[in-house]
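Here is input-v7.cif, consisting of mmCIF, C-alpha atoms and all ligand atoms:
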data_data
loop_
_atom_site.label_atom_id
_atom_site.label_comp_id
_atom_site.auth_asym_id
_atom_site.auth_seq_id
_atom_site.Cartn_x
_atom_site.Cartn_y
_atom_site.Cartn_z
CA MET W 84 131.88 109.57 109.26
CA GLU W 85 131.13 108.70 105.66
CA ARG W 86 127.60 107.39 105.20
CA SER W 87 127.23 104.04 103.44
CA LYS W 88 125.27 104.07 100.19
CA VAL W 89 122.26 101.77 100.66
CA LEU W 90 120.30 101.00 97.49
CA ILE W 91 116.82 99.59 98.11
CA ILE W 92 115.57 98.09 94.89
CA GLY W 93 111.78 98.02 94.86
CA GLY W 94 109.67 100.73 96.47
CA GLY W 95 106.81 98.49 97.60
CA SER W 96 105.70 97.67 101.13
CA ALA W 97 108.93 96.04 102.36
CA GLY W 98 111.24 98.57 100.66
CA LEU W 99 109.27 101.52 102.03
CA TYR W 100 109.22 100.14 105.55
CA LEU W 101 112.99 99.61 105.41
CA ALA W 102 113.82 103.03 103.95
CA SER W 103 111.76 104.72 106.65
CA MET W 104 113.59 102.86 109.43
CA LEU W 105 117.22 103.21 108.32
CA ASN W 106 119.27 105.79 110.16
CA PRO W 107 119.94 108.69 107.75
CA LEU W 108 122.97 109.74 109.80
CA LYS W 109 124.61 106.43 108.97
CA HIS W 110 123.24 105.74 105.50
CA HIS W 111 122.69 107.55 102.27
CA ILE W 112 119.48 105.79 101.25
CA THR W 113 118.20 105.47 97.68
CA ILE W 114 115.05 103.68 96.54
CA VAL W 115 115.08 102.43 92.94
CA GLU W 116 111.49 101.79 91.79
CA GLY W 117 110.45 100.60 88.34
CA GLN W 118 107.03 102.25 88.44
CA LYS W 119 106.20 105.94 88.18
CA THR W 120 105.08 105.99 91.83
CA LEU W 121 105.95 104.21 95.07
CA GLY W 122 103.86 101.64 96.91
CA ARG W 123 101.33 100.72 94.26
CA LYS W 124 100.58 97.28 95.69
CA PHE W 125 100.42 98.79 99.19
CA LEU W 126 97.62 101.01 97.85
CA VAL W 127 95.90 98.05 96.22
CA ALA W 128 96.01 96.24 99.56
CA GLY W 129 94.48 99.39 101.03
CA LYS W 130 91.54 99.22 98.67
CA GLY W 131 90.80 95.72 99.95
CA GLY W 132 90.70 95.06 103.67
CA PHE W 133 94.01 96.83 104.43
CA ASN W 134 94.87 94.52 107.29
CA LEU W 135 98.22 95.84 108.45
CA SER W 136 98.64 92.99 110.89
CA HIS W 137 96.76 90.69 113.24
CA SER W 138 96.37 90.69 117.02
CA ILE W 139 96.63 86.90 117.37
CA ALA W 140 99.08 85.74 120.10
CA LEU W 141 102.69 85.70 118.92
CA LYS W 142 103.15 81.96 119.33
CA GLU W 143 100.06 81.34 117.17
CA MET W 144 100.99 84.03 114.68
CA VAL W 145 104.30 82.42 113.78
CA LEU W 146 102.47 79.18 112.98
CA LYS W 147 100.51 81.00 110.27
CA TYR W 148 103.66 81.19 108.17
CA GLU W 149 105.04 78.44 105.99
CA PRO W 150 107.78 77.60 106.78
CA SER W 151 107.21 79.16 110.19
CA GLY W 152 110.82 78.66 111.30
CA PHE W 153 112.04 81.15 108.69
CA ILE W 154 109.77 84.06 109.62
CA LYS W 155 109.72 83.40 113.38
CA PRO W 156 112.87 85.29 114.44
CA PHE W 157 111.84 88.40 112.50
CA ILE W 158 108.27 88.40 113.84
CA ARG W 159 109.53 87.80 117.38
CA LYS W 160 111.88 90.76 117.12
CA HIS W 161 109.28 93.02 115.54
CA PRO W 162 105.78 91.72 116.28
CA ALA W 163 102.42 93.41 115.69
CA SER W 164 102.95 95.64 118.76
CA SER W 165 106.11 97.02 117.12
CA LEU W 166 104.21 97.69 113.87
CA ILE W 167 101.49 99.54 115.80
CA ILE W 168 104.12 101.79 117.42
CA TYR W 169 105.81 102.33 114.04
CA PHE W 170 102.54 103.61 112.55
CA LYS W 171 101.73 105.65 115.66
CA ASN W 172 105.09 107.39 115.28
CA LEU W 173 104.14 108.20 111.70
CA GLY W 174 100.89 109.74 112.95
CA ILE W 175 98.69 106.80 111.88
CA ASP W 176 96.60 105.29 114.67
CA THR W 177 95.41 101.72 114.30
CA TYR W 178 92.58 99.66 115.75
CA THR W 179 91.85 95.97 116.14
CA GLY W 180 88.62 94.80 114.53
CA SER W 181 86.34 92.12 115.99
CA SER W 182 88.10 89.58 113.77
CA GLY W 183 91.43 90.39 115.43
CA LYS W 184 92.77 92.09 112.29
CA ILE W 185 94.63 95.38 112.75
CA PHE W 186 93.66 98.29 110.48
CA PRO W 187 94.42 102.02 110.24
CA VAL W 188 91.69 103.81 112.23
CA ARG W 189 88.43 104.39 110.40
CA GLY W 190 88.46 107.36 108.08
CA VAL W 191 92.19 107.17 107.33
CA LYS W 192 92.57 106.51 103.63
CA PRO W 193 95.28 104.15 102.31
CA VAL W 194 96.92 107.04 100.46
CA GLU W 195 97.22 108.93 103.76
CA VAL W 196 99.07 105.94 105.24
CA LEU W 197 101.38 105.84 102.23
CA ASN W 198 101.90 109.60 102.43
CA ALA W 199 102.85 109.30 106.11
CA ILE W 200 105.57 106.81 105.15
CA LYS W 201 106.68 109.04 102.26
CA LYS W 202 106.89 112.01 104.63
CA ARG W 203 109.26 109.97 106.83
CA LEU W 204 111.34 109.17 103.73
CA SER W 205 111.60 112.83 102.95
CA ASP W 206 112.54 113.61 106.59
CA ASN W 207 115.22 110.91 106.29
CA ARG W 208 116.48 112.50 103.05
CA VAL W 209 115.82 109.28 101.13
CA ASN W 210 116.62 109.70 97.47
CA VAL W 211 113.73 108.23 95.41
CA LEU W 212 114.34 107.20 91.81
CA THR W 213 111.02 106.23 90.23
CA ASN W 214 110.58 104.95 86.66
CA THR W 215 113.97 103.31 87.16
CA ARG W 216 114.02 99.58 86.62
CA TRP W 217 116.85 97.43 87.99
CA ILE W 218 118.45 95.24 85.35
CA SER W 219 121.65 93.85 86.84
CA THR W 220 124.12 94.19 89.68
CA HIS W 221 127.89 94.59 89.36
CA GLN W 222 130.72 94.80 91.89
CA THR W 223 130.05 98.38 93.04
CA SER W 224 127.06 99.57 91.00
CA ILE W 225 123.80 98.45 89.47
CA THR W 226 122.53 99.02 85.96
CA ALA W 227 119.01 100.41 85.75
CA THR W 228 116.89 101.76 82.93
CA ASP W 229 114.11 104.29 82.49
CA GLY W 230 113.04 102.42 79.36
CA THR W 231 115.16 104.57 77.05
CA ASN W 232 118.48 105.14 78.75
CA ASP W 233 120.52 102.92 81.03
CA SER W 234 122.32 104.33 84.05
CA ASN W 235 124.78 103.02 86.61
CA ILE W 236 124.03 103.68 90.27
CA PRO W 237 126.78 103.06 92.85
CA TYR W 238 126.18 101.19 96.11
CA ASP W 239 127.85 99.89 99.24
CA VAL W 240 124.88 97.81 100.35
CA ILE W 241 121.98 96.53 98.22
CA VAL W 242 118.58 95.42 99.47
CA TYR W 243 116.32 93.70 96.97
CA ALA W 244 112.62 94.22 97.76
CA LEU W 245 111.22 93.37 94.34
CA GLY W 246 108.02 91.61 95.44
CA GLY W 247 106.20 88.57 94.09
CA ALA W 248 104.44 88.08 90.78
CA SER W 249 100.76 88.93 91.10
CA TRP W 250 98.95 92.14 90.15
CA LYS W 251 101.58 92.93 87.52
CA LYS W 252 100.08 96.35 86.91
CA THR W 253 101.42 97.39 90.33
CA GLY W 254 104.95 96.64 89.11
CA SER W 255 105.37 93.32 90.92
CA ASP W 256 105.89 91.27 87.79
CA GLY W 257 108.49 88.79 89.03
CA GLY W 258 110.69 89.80 86.08
CA TRP W 259 113.75 89.63 88.35
CA LEU W 260 113.60 85.83 88.61
CA GLY W 261 115.74 85.17 85.49
CA ALA W 262 118.38 87.69 86.54
CA PHE W 263 118.60 86.08 89.98
CA ARG W 264 119.11 82.67 88.38
CA GLN W 265 121.93 84.15 86.32
CA MET W 266 123.46 85.45 89.53
CA GLY W 267 123.77 81.78 90.55
CA LEU W 268 120.91 81.94 93.08
CA GLU W 269 118.40 79.15 93.59
CA THR W 270 114.87 80.15 92.66
CA SER W 271 111.57 78.40 92.00
CA ALA W 272 108.70 79.29 89.68
CA PHE W 273 105.98 81.53 91.12
CA LYS W 274 102.61 80.04 92.05
CA ALA W 275 99.46 81.81 93.12
CA SER W 276 98.65 81.89 96.82
CA ASN W 277 95.61 83.45 98.50
CA CYS W 278 93.79 83.02 95.26
CA GLY W 279 90.16 82.54 94.18
CA ILE W 280 88.97 79.09 93.14
CA GLU W 281 87.02 78.03 90.07
CA ILE W 282 83.71 76.20 90.28
CA SER W 283 81.42 75.33 87.36
CA TRP W 284 78.30 77.25 88.35
CA SER W 285 75.09 76.93 86.35
CA ASP W 286 74.45 80.02 84.22
CA HIS W 287 71.41 80.98 86.27
CA PHE W 288 73.23 80.75 89.63
CA CYS W 289 76.23 82.65 88.29
CA GLU W 290 74.18 85.47 86.78
CA THR W 291 72.01 85.87 89.87
CA TRP W 292 74.56 85.56 92.63
CA HIS W 293 77.99 86.72 91.42
CA GLY W 294 79.30 89.32 93.85
CA ALA W 295 77.10 88.09 96.71
CA PRO W 296 78.76 87.59 100.11
CA VAL W 297 77.93 84.38 101.94
CA LYS W 298 78.42 85.15 105.60
CA ASN W 299 79.20 82.89 108.51
CA ILE W 300 80.24 79.63 106.91
CA THR W 301 82.99 77.13 107.55
CA MET W 302 84.94 75.50 104.79
CA THR W 303 86.71 72.19 105.29
CA CYS W 304 89.50 70.77 103.17
CA ASN W 305 91.04 67.47 104.28
CA GLY W 306 90.00 68.14 107.87
CA ASN W 307 91.31 71.75 107.95
CA ILE W 308 88.41 73.99 108.96
CA GLN W 309 88.32 77.68 107.97
CA GLN W 310 85.65 80.04 109.23
CA GLY W 311 84.53 83.33 107.72
CA GLU W 312 82.83 84.92 104.77
CA ILE W 313 83.14 84.01 101.11
CA VAL W 314 82.03 85.84 97.98
CA ILE W 315 80.46 84.16 94.95
CA THR W 316 82.28 85.15 91.76
CA ARG W 317 81.43 84.45 88.12
CA SER W 318 84.12 81.81 88.03
CA GLY W 319 83.81 80.37 91.53
CA MET W 320 84.48 81.80 94.99
CA GLU W 321 86.91 84.02 96.83
CA GLY W 322 87.43 85.16 100.41
CA PRO W 323 89.65 84.29 103.39
CA PRO W 324 88.39 80.70 103.94
CA VAL W 325 88.97 80.00 100.24
CA TYR W 326 92.48 81.47 100.32
CA ALA W 327 93.34 79.57 103.47
CA SER W 328 92.28 76.34 101.73
CA ASN W 329 94.54 76.94 98.68
CA GLY W 330 97.48 74.90 99.93
CA CYS W 331 95.37 71.95 100.97
CA LEU W 332 93.49 71.93 97.65
CA ARG W 333 96.73 71.93 95.70
CA LYS W 334 97.80 68.78 97.53
CA GLN W 335 94.64 67.03 96.26
CA GLY W 336 95.94 67.15 92.69
CA ASN W 337 93.35 66.86 89.91
CA ASP W 338 90.43 65.90 92.10
CA MET W 339 89.94 68.98 94.29
CA LYS W 340 87.04 69.01 96.76
CA LEU W 341 85.86 71.20 99.60
CA VAL W 342 83.00 70.88 102.03
CA ILE W 343 81.05 73.92 103.15
CA ASN W 344 78.96 74.19 106.32
CA LEU W 345 76.22 76.77 105.84
CA ILE W 346 74.98 76.61 109.44
CA PRO W 347 78.15 76.38 111.56
CA SER W 348 76.92 78.37 114.55
CA ILE W 349 73.18 77.86 114.59
CA SER W 350 71.50 78.20 118.00
CA SER W 351 70.01 75.14 119.67
CA GLY W 352 66.62 76.92 119.72
CA LYS W 353 66.64 77.34 115.95
CA ILE W 354 67.84 73.82 115.28
CA ASN W 355 65.13 72.34 117.51
CA SER W 356 62.40 74.29 115.79
CA PHE W 357 63.91 73.29 112.40
CA ARG W 358 63.88 69.61 113.38
CA SER W 359 60.24 69.83 114.52
CA ALA W 360 59.24 71.60 111.31
CA LEU W 361 60.81 68.82 109.24
CA LYS W 362 58.19 66.49 110.69
CA SER W 363 55.40 68.82 109.48
CA SER W 364 54.00 69.16 105.97
CA LYS W 365 55.65 72.56 105.44
CA SER W 366 57.76 72.88 102.28
CA MET W 367 61.56 72.62 102.54
CA ASN W 368 61.91 76.17 101.20
CA SER W 369 59.67 77.50 103.92
CA ILE W 370 61.42 75.50 106.67
CA LEU W 371 64.91 76.65 105.67
CA LYS W 372 63.78 80.23 105.30
CA ASN W 373 61.58 80.55 108.37
CA LYS W 374 63.11 78.12 110.85
CA LEU W 375 66.82 78.33 110.02
CA ARG W 376 66.60 81.89 108.66
CA LEU W 377 68.88 80.80 105.83
CA SER W 378 69.76 83.79 103.63
CA LYS W 379 68.61 83.82 99.99
CA VAL W 380 72.13 83.24 98.73
CA LYS W 381 72.63 80.28 101.07
CA MET W 382 69.30 78.81 99.87
CA ALA W 383 70.41 79.22 96.27
CA LEU W 384 73.86 77.81 97.03
CA VAL W 385 72.59 74.65 98.65
CA LYS W 386 70.28 74.03 95.68
CA GLU W 387 73.20 74.63 93.31
CA LEU W 388 75.47 72.21 95.14
CA ILE W 389 73.17 69.26 95.76
CA ASP W 390 70.49 67.51 93.68
CA LYS W 391 66.73 67.81 94.17
CA ASP W 392 66.36 64.51 96.01
CA ALA W 393 69.04 65.43 98.53
CA TYR W 394 67.37 68.83 99.02
CA GLN W 395 64.02 67.23 99.75
CA ASN W 396 65.41 64.49 102.01
CA ARG W 397 64.16 65.36 105.50
CA GLN W 398 66.33 62.71 107.14
CA SER W 399 69.59 64.06 105.80
CA ILE W 400 69.02 67.77 105.06
CA GLU W 401 70.54 68.95 108.36
CA GLU W 402 73.71 66.97 107.69
CA THR W 403 73.69 68.12 104.05
CA LEU W 404 73.58 71.79 105.08
CA LYS W 405 76.57 71.14 107.32
CA SER W 406 78.58 69.43 104.61
CA CYS W 407 77.68 70.64 101.12
CA PRO W 408 80.25 69.24 98.71
CA ILE W 409 82.04 71.59 96.32
CA LYS W 410 83.98 70.37 93.32
CA VAL W 411 86.82 72.77 92.59
CA THR W 412 87.90 72.84 88.96
CA GLY W 413 90.95 75.11 89.29
CA PHE W 414 92.52 78.30 90.62
CA ARG W 415 92.21 81.80 89.26
CA PRO W 416 95.24 83.05 87.30
CA ILE W 417 98.35 84.06 89.21
CA ASP W 418 97.91 87.73 88.31
CA GLU W 419 94.68 87.86 90.34
CA ALA W 420 96.23 86.27 93.43
CA ILE W 421 96.74 88.34 96.58
CA SER W 422 100.22 86.89 96.97
CA THR W 423 102.58 84.41 95.38
CA ILE W 424 104.84 81.66 96.59
CA GLY W 425 108.04 80.73 94.80
CA GLY W 426 110.81 83.21 94.03
CA LEU W 427 114.12 83.15 95.87
CA GLU W 428 114.72 80.00 97.91
CA LEU W 429 115.16 80.62 101.63
CA ASN W 430 118.44 78.74 101.92
CA GLU W 431 120.06 81.53 99.87
CA VAL W 432 119.87 84.01 102.77
CA ASP W 433 121.43 83.99 106.23
CA GLU W 434 119.82 84.99 109.54
CA ASN W 435 120.22 88.68 108.61
CA LEU W 436 118.57 88.14 105.20
CA MET W 437 121.92 88.60 103.46
CA LEU W 438 122.61 86.55 100.33
CA LYS W 439 125.15 83.96 101.45
CA LYS W 440 126.79 83.94 98.02
CA LEU W 441 126.80 87.73 97.65
CA PRO W 442 127.84 89.44 100.92
CA GLY W 443 126.51 92.99 101.26
CA GLN W 444 123.35 92.14 99.28
CA TYR W 445 120.09 91.46 101.13
CA VAL W 446 116.57 90.31 100.24
CA ILE W 447 113.28 91.13 102.02
CA GLY W 448 109.53 90.73 101.44
CA GLU W 449 107.44 88.60 99.15
CA MET W 450 110.25 87.81 96.72
CA LEU W 451 111.42 85.14 99.19
CA ASN W 452 109.65 81.77 99.03
CA TRP W 453 107.41 81.87 102.13
CA ASP W 454 103.66 81.77 102.43
CA ALA W 455 100.97 83.14 104.76
CA PRO W 456 97.20 83.56 104.70
CA THR W 457 95.52 86.92 104.27
CA GLY W 458 94.49 88.80 107.38
CA GLY W 459 97.50 91.06 107.89
CA TYR W 460 100.14 88.33 108.00
CA LEU W 461 101.70 89.29 104.66
CA LEU W 462 102.30 92.95 105.47
CA GLN W 463 103.38 92.05 109.02
CA ALA W 464 106.06 89.72 107.63
CA CYS W 465 107.28 92.43 105.24
CA TYR W 466 107.44 94.87 108.16
CA SER W 467 109.20 92.42 110.49
CA MET W 468 111.86 91.55 107.89
CA ALA W 469 112.40 95.23 107.05
CA ALA W 470 112.61 96.28 110.72
CA SER W 471 115.03 93.45 111.55
CA LEU W 472 117.24 94.36 108.61
CA ALA W 473 117.10 98.05 109.56
CA ASP W 474 118.36 97.09 113.05
CA HIS W 475 121.16 95.05 111.51
CA LEU W 476 122.28 97.75 109.07
CA ASN W 477 121.92 100.56 111.62
CA ASP W 478 123.97 98.59 114.17
CA ASN W 479 126.66 97.44 111.77
CA SER W 480 127.58 100.49 109.75
CA GLY W 481 130.37 102.90 110.27
C1 LIG X 501 94.49 92.87 96.17
C2 LIG X 501 95.50 92.73 97.27
C3 LIG X 501 95.13 92.97 98.57
C4 LIG X 501 96.05 92.76 99.61
N1 LIG X 501 95.66 93.01 100.89
C5 LIG X 501 96.52 92.77 101.90
C6 LIG X 501 96.13 93.03 103.24
O1 LIG X 501 95.05 93.56 103.52
N2 LIG X 501 97.02 92.71 104.22
C7 LIG X 501 98.25 92.14 103.97
O2 LIG X 501 98.99 91.83 104.90
N3 LIG X 501 98.67 91.98 102.69
C8 LIG X 501 97.83 92.27 101.67
N4 LIG X 501 98.25 92.09 100.38
C9 LIG X 501 99.62 91.58 100.14
C10 LIG X 501 100.69 92.67 100.29
O3 LIG X 501 100.29 93.84 99.61
C11 LIG X 501 102.03 92.16 99.73
O4 LIG X 501 102.36 90.93 100.36
C12 LIG X 501 103.14 93.16 99.97
O5 LIG X 501 102.86 94.37 99.28
C13 LIG X 501 104.49 92.62 99.50
O6 LIG X 501 105.44 93.62 99.68
P1 LIG X 501 106.83 93.60 98.89
O7 LIG X 501 107.51 94.89 99.22
O8 LIG X 501 107.52 92.35 99.12
O9 LIG X 501 106.40 93.64 97.36
P2 LIG X 501 105.58 94.76 96.58
O10 LIG X 501 104.73 95.54 97.50
O11 LIG X 501 104.93 94.01 95.47
O12 LIG X 501 106.72 95.73 96.03
C14 LIG X 501 107.66 95.34 95.08
C15 LIG X 501 108.10 96.59 94.33
O13 LIG X 501 109.22 96.28 93.49
C16 LIG X 501 109.07 96.99 92.27
N5 LIG X 501 109.86 96.30 91.23
C17 LIG X 501 109.67 95.08 90.71
N6 LIG X 501 110.64 94.82 89.80
C18 LIG X 501 111.46 95.90 89.76
C19 LIG X 501 112.67 96.20 89.05
N7 LIG X 501 113.23 95.35 88.19
N8 LIG X 501 113.26 97.39 89.28
C20 LIG X 501 112.73 98.28 90.17
N9 LIG X 501 111.59 98.04 90.87
C21 LIG X 501 110.97 96.86 90.68
C22 LIG X 501 107.58 96.94 92.00
O14 LIG X 501 107.18 97.94 91.09
C23 LIG X 501 107.01 97.12 93.40
O15 LIG X 501 106.77 98.47 93.71
C24 LIG X 501 97.37 92.33 99.32
C25 LIG X 501 97.76 92.14 97.99
C26 LIG X 501 96.84 92.34 96.97
C27 LIG X 501 97.27 92.13 95.54
#
If you convert what's in this file into structure tokens, what do you get?
Amino acid sequence: MERSKVLIIGGGSAGLYLASMLNPLKHHITIVEGQKTLGRKFLVAGKGGFNLSHSIALKEMVLKYEPSGFIKPFIRKHPASSLIIYFKNLGIDTYTGSSGKIFPVRGVKPVEVLNAIKKRLSDNRVNVLTNTRWISTHQTSITATDGTNDSNIPYDVIVYALGGASWKKTGSDGGWLGAFRQMGLETSAFKASNCGIEISWSDHFCETWHGAPVKNITMTCNGNIQQGEIVITRSGMEGPPVYASNGCLRKQGNDMKLVINLIPSISSGKINSFRSALKSSKSMNSILKNKLRLSKVKMALVKELIDKDAYQNRQSIEETLKSCPIKVTGFRPIDEAISTIGGLELNEVDENLMLKKLPGQYVIGEMLNWDAPTGGYLLQACYSMAASLADHLNDNSG
């Protein structure tokens, strides 16, 4: 039986997952990657938290995606349990942290995870063309370039896995958007998602506290409450609660506001002793420090966010600590975002992720216009789409 020539364009997370799951007896698999090496954003993700997925219940997991109806069938077919088995079969054990996020076991470096996938590619005789940038697609071949010379590469099936448009240095520059428009496909401009926010800190606060984690807070935007840890940056804040508030902030237009609760899970013992101390002559600094055990950065943050009178007001300070107002002046640039929305519109693909207008050509990963928070949901979606497409191509060839 003649093997079908499958070209996977883009050797990032989704493309690598797919190439490692296609049946080499049925397909002659080639990855076409613009960068000198594979999986650069996968490695960047590894330097951060490297959440491969999340252990949240399936029915809650699908609600994390926007629109959830699009991702649902892929996640249902290949949920987190399938991803865990996939990595186990590659020799990478995983564990679930206290937050529910799924990571490679401690001590396993991101490059070792990437190498395990690459080893599978080599076992599957996947042909890897690096430094080869896709330019255009024709009837039976694509045109690619190494920067100097163009070449034509034949295909039977094409899978685009070209990624979004943040962290351009990893190769995910969104440069494919114009070419897709020319192919008659509906696209929308990229926007940052899971992105830091900008806040006008005073110079003193910024210099003293940039880089400091603020643990155990909740952040509320239009009634949506996010719990977790944030980090003070020179330009504002970042961290999962911030990223999860991105969408809601955008809807507020030019007047973006958040509320932060610095004491979301304070014990009743502590709060009672705090309330009693407020009736004493002790200073506010001493009460917050000794009775609430507020960390130094939280003390500095509350002073930065409210005026002196509000800080000294013993009637309202408890409420103030639970609802410090934050004026958000903007978002960090798209290139710093963890992911992007925009790209190829979802109505362009069918239930097998095939382009309806271009049969035999498929699209997976972040280049499609869906959104999800950080915490493993992005890589899980890439995996689930890749695994579902691998099933489809493995079942329907020959
Ligand atoms: C700092 C950071 C931390 C992250 N941490 C996590 C995390 O912990 N958990 C999580 O779930 N997600 C995380 N993510 C997100 C996750 O890495 C991405 O969602 C995921 O990599 C998207 O996979 P993809 O294959 O769609 O795109 P990419 O991984 O971006 O791959 C696209 C590939 O296509 C190549 N390409 C682009 N254009 C061309 C062309 N014309 N020709 C040939 N090749 C081309 C690119 O070079 C790239 O290799 C993180 C992202 C960042 C930036």
>> Report as JSON, numbers by chain all protein, DNA and RNA residues lying within 6 Å of W:Ile343, evaluated on only C-alpha atoms, omitting residues in the same chain fewer than 3 positions from it.
In response: {"W": [301, 302, 406, 407]}
>> Counting all atoms listed in the file, which residue out of W:Cys331, W:Leu260, W:Val188, W:Leu345 sits closest to ligand LIG 501 (chain X)?
In response: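 Between W:Cys331, W:Leu260, W:Val188, W:Leu345, the residue approaching ligand LIG 501 (chain X) most closely is W:Leu260.
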> Counting all atoms listed in the file, what residues are within 7 Å of ligand LIG 501 (chain X), given as a PyMOL selection string?
Replying inline: chain W and resi 92-98+115-118+121-125+127-129+131-136+215-218+244-247+249-250+253-259+420-422+447-450+457-463+465
> Near W:Lys379, counting only C-alpha atoms, which residues have an atom at most 10 Å away, once you skip same-chain residues fewer than 4 positions from it, shown as a PyMOL selection string?
Replying inline: chain W and resi 292+297+371-372+383-384
>> Using only C-alpha atoms, list the residues that have an atom at most 12 Å from (120.3, 81.3, 104.8), coordinates as in the file, as number ranges by chain.
In response: W: 152-154, 268-269, 427-442, 445-446, 451
> Of the candidates W:Lys405, W:Ile241, W:Asp418, W:Leu101, which one gets nearest to W:Lys201 if we count all atoms listed in the file?
Replying inline: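 Smallest separation from W:Lys201 among the options: W:Leu101.
Among the candidates W:Asp239, W:Lys130, W:Asn396, W:Ser205, the residue lying nearest to W:Val191 is W:Lys130 (atoms considered: only C-alpha atoms).
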>> Report, in Å to a single decimal, how far apart atom CA of W:Gln335 and atom CA of W:Ile315 are.
In response: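 Computing it gives 22.3 Å between the two atoms.
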>> Which residue is closest to W:Thr120? Choose from W:Val145, W:Leu212, W:Leu404, W:Leu166 and count only C-alpha atoms.
In response: W:Leu212
What's around W:Leu361 at 10 Å? Count all atoms listed in the file, leave out sequence neighbours fewer than 2 positions away in its own chain, and write the answer as an mmCIF file with C-alpha atoms, in the frame of the given file.
data_model
loop_
_atom_site.group_PDB
_atom_site.id
_atom_site.type_symbol
_atom_site.label_atom_id
_atom_site.label_comp_id
_atom_site.auth_asym_id
_atom_site.auth_seq_id
_atom_site.Cartn_x
_atom_site.Cartn_y
_atom_site.Cartn_z
ATOM 1 C CA ASN W 355 65.130 72.340 117.510
ATOM 2 C CA SER W 356 62.400 74.290 115.790
ATOM 3 C CA PHE W 357 63.910 73.290 112.400
ATOM 4 C CA ARG W 358 63.880 69.610 113.380
ATOM 5 C CA SER W 359 60.240 69.830 114.520
ATOM 6 C CA SER W 363 55.400 68.820 109.480
ATOM 7 C CA SER W 364 54.000 69.160 105.970
ATOM 8 C CA LYS W 365 55.650 72.560 105.440
ATOM 9 C CA SER W 366 57.760 72.880 102.280
ATOM 10 C CA MET W 367 61.560 72.620 102.540
ATOM 11 C CA ILE W 370 61.420 75.500 106.670
ATOM 12 C CA LEU W 371 64.910 76.650 105.670
ATOM 13 C CA LYS W 374 63.110 78.120 110.850
ATOM 14 C CA ASN W 396 65.410 64.490 102.010
ATOM 15 C CA ARG W 397 64.160 65.360 105.500
ATOM 16 C CA GLN W 398 66.330 62.710 107.140
ATOM 17 C CA ILE W 400 69.020 67.770 105.060
ATOM 18 C CA GLU W 401 70.540 68.950 108.360
#
Your completed stretch 211-222 of chain W with N, CA and C atoms, as a PDB file, in the frame of the given file:
ATOM      1  N   VAL W 211     114.669 109.169  96.061  1.00  0.00           N
ATOM      2  CA  VAL W 211     113.730 108.230  95.410  1.00  0.00           C
ATOM      3  C   VAL W 211     113.864 108.340  93.897  1.00  0.00           C
ATOM      4  N   LEU W 212     114.246 107.235  93.269  1.00  0.00           N
ATOM      5  CA  LEU W 212     114.340 107.200  91.810  1.00  0.00           C
ATOM      6  C   LEU W 212     113.194 106.355  91.279  1.00  0.00           C
ATOM      7  N   THR W 213     112.132 106.997  90.798  1.00  0.00           N
ATOM      8  CA  THR W 213     111.020 106.230  90.230  1.00  0.00           C
ATOM      9  C   THR W 213     111.276 106.052  88.731  1.00  0.00           C
ATOM     10  N   ASN W 214     110.423 105.223  88.099  1.00  0.00           N
ATOM     11  CA  ASN W 214     110.580 104.950  86.660  1.00  0.00           C
ATOM     12  C   ASN W 214     112.001 104.467  86.351  1.00  0.00           C
ATOM     13  N   THR W 215     112.583 103.775  87.290  1.00  0.00           N
ATOM     14  CA  THR W 215     113.970 103.310  87.160  1.00  0.00           C
ATOM     15  C   THR W 215     113.984 101.822  87.475  1.00  0.00           C
ATOM     16  N   ARG W 216     114.161 101.030  86.453  1.00  0.00           N
ATOM     17  CA  ARG W 216     114.020  99.580  86.620  1.00  0.00           C
ATOM     18  C   ARG W 216     115.391  98.922  86.722  1.00  0.00           C
ATOM     19  N   TRP W 217     115.596  98.177  87.804  1.00  0.00           N
ATOM     20  CA  TRP W 217     116.850  97.430  87.990  1.00  0.00           C
ATOM     21  C   TRP W 217     116.980  96.372  86.904  1.00  0.00           C
ATOM     22  N   ILE W 218     118.187  96.280  86.350  1.00  0.00           N
ATOM     23  CA  ILE W 218     118.450  95.240  85.350  1.00  0.00           C
ATOM     24  C   ILE W 218     119.464  94.237  85.881  1.00  0.00           C
ATOM     25  N   SER W 219     120.595  94.774  86.398  1.00  0.00           N
ATOM     26  CA  SER W 219     121.650  93.850  86.840  1.00  0.00           C
ATOM     27  C   SER W 219     122.521  94.530  87.897  1.00  0.00           C
ATOM     28  N   THR W 220     123.256  93.684  88.610  1.00  0.00           N
ATOM     29  CA  THR W 220     124.120  94.190  89.680  1.00  0.00           C
ATOM     30  C   THR W 220     125.575  93.845  89.371  1.00  0.00           C
ATOM     31  N   HIS W 221     126.453  94.812  89.554  1.00  0.00           N
ATOM     32  CA  HIS W 221     127.890  94.590  89.360  1.00  0.00           C
ATOM     33  C   HIS W 221     128.597  94.795  90.712  1.00  0.00           C
ATOM     34  N   GLN W 222     129.921  94.743  90.663  1.00  0.00           N
ATOM     35  CA  GLN W 222     130.720  94.800  91.890  1.00  0.00           C
ATOM     36  C   GLN W 222     130.362  95.988  92.796  1.00  0.00           C
TER      37      GLN W 222
END
